[in-house]
Amino acid sequence: MTDMTYARYLALDTLLSAQLPQSAEDDEMLFIIIHQTKELWLKQMITELKLAMEQIREDALVPAYKALARVSRIQAVMTLSWDILSTMTPSDYTRFRGVLGPSSGFQSDQFRTAEYMLGLKDKGFLKYQDDRPEAQASMQQALDAPSIWDEAIRAAARARLDIPDDVLERDWSQPYEARAEVEAAFLEVYRDTERYWELYQLAEKLVDIDDALAAWRHKHVLTVERIIGGKRGTGGTAGATYLHGTLSKRAFPELWSLRTQL
């Protein structure tokens with residue numbers, strides 16, 4: 001039997017041969033590595049979210065904190081990576097932008113899967129994976145399943161907080177809409193933290209994730225504006241204009257709105 005080595009364990013020959021620049025420009029390698037790295041972190045985020053959701057379903061809220069904390073820290077690393085990409089100037093990007101064709105980060109199936117798992121559901125993104133049935137199936141599964149916020153709300157109901165039945169059982173593929181009753185239930189959690197300590201800590205871990213997602217989106221907009229200004233993005237998107245429209249998205253809206261009532 002061949003002894004295990006660092007390179008074999010990490011499949012380095014495969015990993016390091018996966019960067020295939022389509023131009024001779026040095027900056028294209030950076031562009032590829034930044035985005036490939038993000039996809040690896042997204043893979044880990046999805047793994048952690050799946051684990052946390054399983055634990056929440058079993059009312060193992062304290063063990064779920066670890067996975068959720070790891071997600072928000074991964075998000076922080078992903079946000080910092082925009083600073084590396086921003087060392088590429090508009091002139092640098094222009095030299096190889098043409099080789100990207102219609103490809104765009106907008107089409108990332110893992111990013112959309114993570115969004116679906118957080119509760120930000122839009123089935124319109126499924127069409128971008130028509131040529132990748134396995135990726136599309138994973139997205140569809142996340143779209144059709146309860147999000148982590150749905151699971152947290154169900155946990156609150158099991159803790160005897162007053163949650164309407166139509167919130168606990170609904171068409172999970174539809175975008176979540178904030179409910180006054182859910183805000184009231186979690187407001188009770190925040191007003192009596194000793195009684196609902198585990199739910200309170202769970203809620204704060206979710207806010208960490210929502211906060212980190214907003215920071216990632218904001219830094220993404222700034223980086224895009226720095227490199228391409230107001231130009232349209234690859235893949236036919238509206239570029240920075242589209243990204244600005246995502247800044248107000250919140251996966252767990254009641255956890256933000258209840259703060260006004262405290």
# chains A, B, ... in the order shown; residues from 1 in each chain; ligands from 1
call {"tool": "residues_around", "arguments": {"residues": "A:Leu49", "least_positions_apart": "5", "cutoff": "8 Å", "atoms": "only C-alpha atoms", "output": "JSON, numbers by chain"}}
result
{"A": [67, 68, 71, 117, 148]}
call {"tool": "closest_atom_pairs", "arguments": {"of": "stretch 39-147 of chain A", "to": "stretch 153-163 of chain A", "cutoff": "8 Å", "atoms": "only C-alpha atoms", "output": "JSON lines"}}
result
{"residue": "A:Ile56", "atom": "CA", "partner": "A:Ala155", "partner_atom": "CA", "distance": 6.9}
{"residue": "A:Arg57", "atom": "CA", "partner": "A:Ala155", "partner_atom": "CA", "distance": 7.1}
{"residue": "A:Asp59", "atom": "CA", "partner": "A:Ala155", "partner_atom": "CA", "distance": 6.6}
call {"tool": "atom_distance", "arguments": {"atom1": "atom CA of A:Tyr176", "atom2": "atom CA of A:Glu194"}}
result
28.7 Å
call {"tool": "select_by_dssp", "arguments": {"residues": "stretch 47-196 of chain A", "states": "alpha helix (DSSP H)", "output": "number ranges by chain"}}
result
A: 47-57, 61-85, 90-94, 109-118, 133-144, 148-158, 165-168, 180-191
call {"tool": "residues_around", "arguments": {"residues": "A:Leu40", "least_positions_apart": "4", "cutoff": "12 Å", "atoms": "only C-alpha atoms", "output": "list in words"}}
result
Leu15, Ile33, Ile34, His35, Gln36, Gln44, Met45, Ile46, Thr47, Ile74, Gln75, Val77, Met78, Ser108, Gln110 and Phe111 of chain A
call {"tool": "atom_distance", "arguments": {"atom1": "atom CA of A:Arg179", "atom2": "atom CA of A:Glu254"}}
result
7.4 Å
call {"tool": "residues_around", "arguments": {"residues": "A:Arg259", "least_positions_apart": "2", "cutoff": "10 Å", "atoms": "only C-alpha atoms", "output": "VMD selection string"}}
result
chain A and resid 183 187 190 254 to 257 261 to 262
call {"tool": "atom_distance", "arguments": {"atom1": "atom CA of A:Asp150", "atom2": "atom CA of A:Ala76"}}
result
24.2 Å
call {"tool": "residues_around", "arguments": {"residues": "A:Lys205", "least_positions_apart": "2", "cutoff": "10 Å", "atoms": "only C-alpha atoms", "output": "PyMOL selection string"}}
result
chain A and resi 64-72+199-203+207-211
call {"tool": "write_last_selection", "arguments": {"atoms": "N, CA and C atoms", "output": "PDB file, in the first residue's frame"}}
result
ATOM      1  N   ALA A  64     -25.814  23.107  17.498  1.00  0.00           N
ATOM      2  CA  ALA A  64     -25.950  23.806  16.220  1.00  0.00           C
ATOM      3  C   ALA A  64     -25.168  25.117  16.189  1.00  0.00           C
ATOM      4  N   TYR A  65     -24.871  25.670  17.369  1.00  0.00           N
ATOM      5  CA  TYR A  65     -24.153  26.942  17.406  1.00  0.00           C
ATOM      6  C   TYR A  65     -22.802  26.850  16.720  1.00  0.00           C
ATOM      7  N   LYS A  66     -22.126  25.718  16.880  1.00  0.00           N
ATOM      8  CA  LYS A  66     -20.782  25.566  16.312  1.00  0.00           C
ATOM      9  C   LYS A  66     -20.816  25.690  14.795  1.00  0.00           C
ATOM     10  N   ALA A  67     -21.738  24.961  14.153  1.00  0.00           N
ATOM     11  CA  ALA A  67     -21.828  25.010  12.696  1.00  0.00           C
ATOM     12  C   ALA A  67     -22.193  26.414  12.217  1.00  0.00           C
ATOM     13  N   LEU A  68     -23.108  27.061  12.922  1.00  0.00           N
ATOM     14  CA  LEU A  68     -23.541  28.394  12.518  1.00  0.00           C
ATOM     15  C   LEU A  68     -22.435  29.422  12.706  1.00  0.00           C
ATOM     16  N   ALA A  69     -21.680  29.290  13.792  1.00  0.00           N
ATOM     17  CA  ALA A  69     -20.540  30.189  14.004  1.00  0.00           C
ATOM     18  C   ALA A  69     -19.506  30.001  12.906  1.00  0.00           C
ATOM     19  N   ARG A  70     -19.332  28.761  12.491  1.00  0.00           N
ATOM     20  CA  ARG A  70     -18.367  28.479  11.429  1.00  0.00           C
ATOM     21  C   ARG A  70     -18.827  29.112  10.117  1.00  0.00           C
ATOM     22  N   VAL A  71     -20.120  29.083   9.849  1.00  0.00           N
ATOM     23  CA  VAL A  71     -20.646  29.693   8.625  1.00  0.00           C
ATOM     24  C   VAL A  71     -20.334  31.186   8.593  1.00  0.00           C
ATOM     25  N   SER A  72     -20.601  31.894   9.670  1.00  0.00           N
ATOM     26  CA  SER A  72     -20.373  33.347   9.672  1.00  0.00           C
ATOM     27  C   SER A  72     -18.892  33.679   9.554  1.00  0.00           C
ATOM     28  N   LEU A 199     -32.874  29.321  22.435  1.00  0.00           N
ATOM     29  CA  LEU A 199     -33.466  29.959  21.259  1.00  0.00           C
ATOM     30  C   LEU A 199     -32.872  31.345  21.032  1.00  0.00           C
ATOM     31  N   TYR A 200     -32.614  32.058  22.124  1.00  0.00           N
ATOM     32  CA  TYR A 200     -32.017  33.394  22.044  1.00  0.00           C
ATOM     33  C   TYR A 200     -30.638  33.333  21.395  1.00  0.00           C
ATOM     34  N   GLN A 201     -29.812  32.387  21.841  1.00  0.00           N
ATOM     35  CA  GLN A 201     -28.479  32.239  21.264  1.00  0.00           C
ATOM     36  C   GLN A 201     -28.547  31.773  19.809  1.00  0.00           C
ATOM     37  N   LEU A 202     -29.497  30.909  19.506  1.00  0.00           N
ATOM     38  CA  LEU A 202     -29.689  30.476  18.119  1.00  0.00           C
ATOM     39  C   LEU A 202     -30.024  31.681  17.235  1.00  0.00           C
ATOM     40  N   ALA A 203     -30.931  32.511  17.714  1.00  0.00           N
ATOM     41  CA  ALA A 203     -31.335  33.698  16.952  1.00  0.00           C
ATOM     42  C   ALA A 203     -30.140  34.612  16.696  1.00  0.00           C
ATOM     43  N   VAL A 207     -28.458  35.935  13.214  1.00  0.00           N
ATOM     44  CA  VAL A 207     -28.219  37.349  12.900  1.00  0.00           C
ATOM     45  C   VAL A 207     -26.773  37.548  12.450  1.00  0.00           C
ATOM     46  N   ASP A 208     -25.845  36.832  13.080  1.00  0.00           N
ATOM     47  CA  ASP A 208     -24.440  36.915  12.651  1.00  0.00           C
ATOM     48  C   ASP A 208     -24.312  36.561  11.169  1.00  0.00           C
ATOM     49  N   ILE A 209     -25.023  35.521  10.760  1.00  0.00           N
ATOM     50  CA  ILE A 209     -24.959  35.072   9.362  1.00  0.00           C
ATOM     51  C   ILE A 209     -25.579  36.105   8.435  1.00  0.00           C
ATOM     52  N   ASP A 210     -26.734  36.638   8.819  1.00  0.00           N
ATOM     53  CA  ASP A 210     -27.399  37.654   8.000  1.00  0.00           C
ATOM     54  C   ASP A 210     -26.541  38.906   7.886  1.00  0.00           C
ATOM     55  N   ASP A 211     -25.927  39.286   8.996  1.00  0.00           N
ATOM     56  CA  ASP A 211     -25.032  40.445   9.035  1.00  0.00           C
ATOM     57  C   ASP A 211     -23.853  40.214   8.089  1.00  0.00           C
TER      58      ASP A 211
END
call {"tool": "closest_residue", "arguments": {"among": "A:Gln22, A:Leu120, A:Leu12, A:Leu143", "to": "A:Gly101", "atoms": "only C-alpha atoms"}}
result
A:Gln22
call {"tool": "closest_residue", "arguments": {"among": "A:Glu198, A:Glu39, A:Glu48, A:Asp92", "to": "A:Gln107", "atoms": "only C-alpha atoms"}}
result
A:Glu39
call {"tool": "closest_residue", "arguments": {"among": "A:Ser147, A:Ser91, A:Ser81, A:Gln174", "to": "A:Gly124", "atoms": "only C-alpha atoms"}}
result
A:Gln174
call {"tool": "closest_residue", "arguments": {"among": "A:Glu177, A:Glu151, A:Asp122, A:Asp83", "to": "A:Glu58", "atoms": "only C-alpha atoms"}}
result
A:Glu151
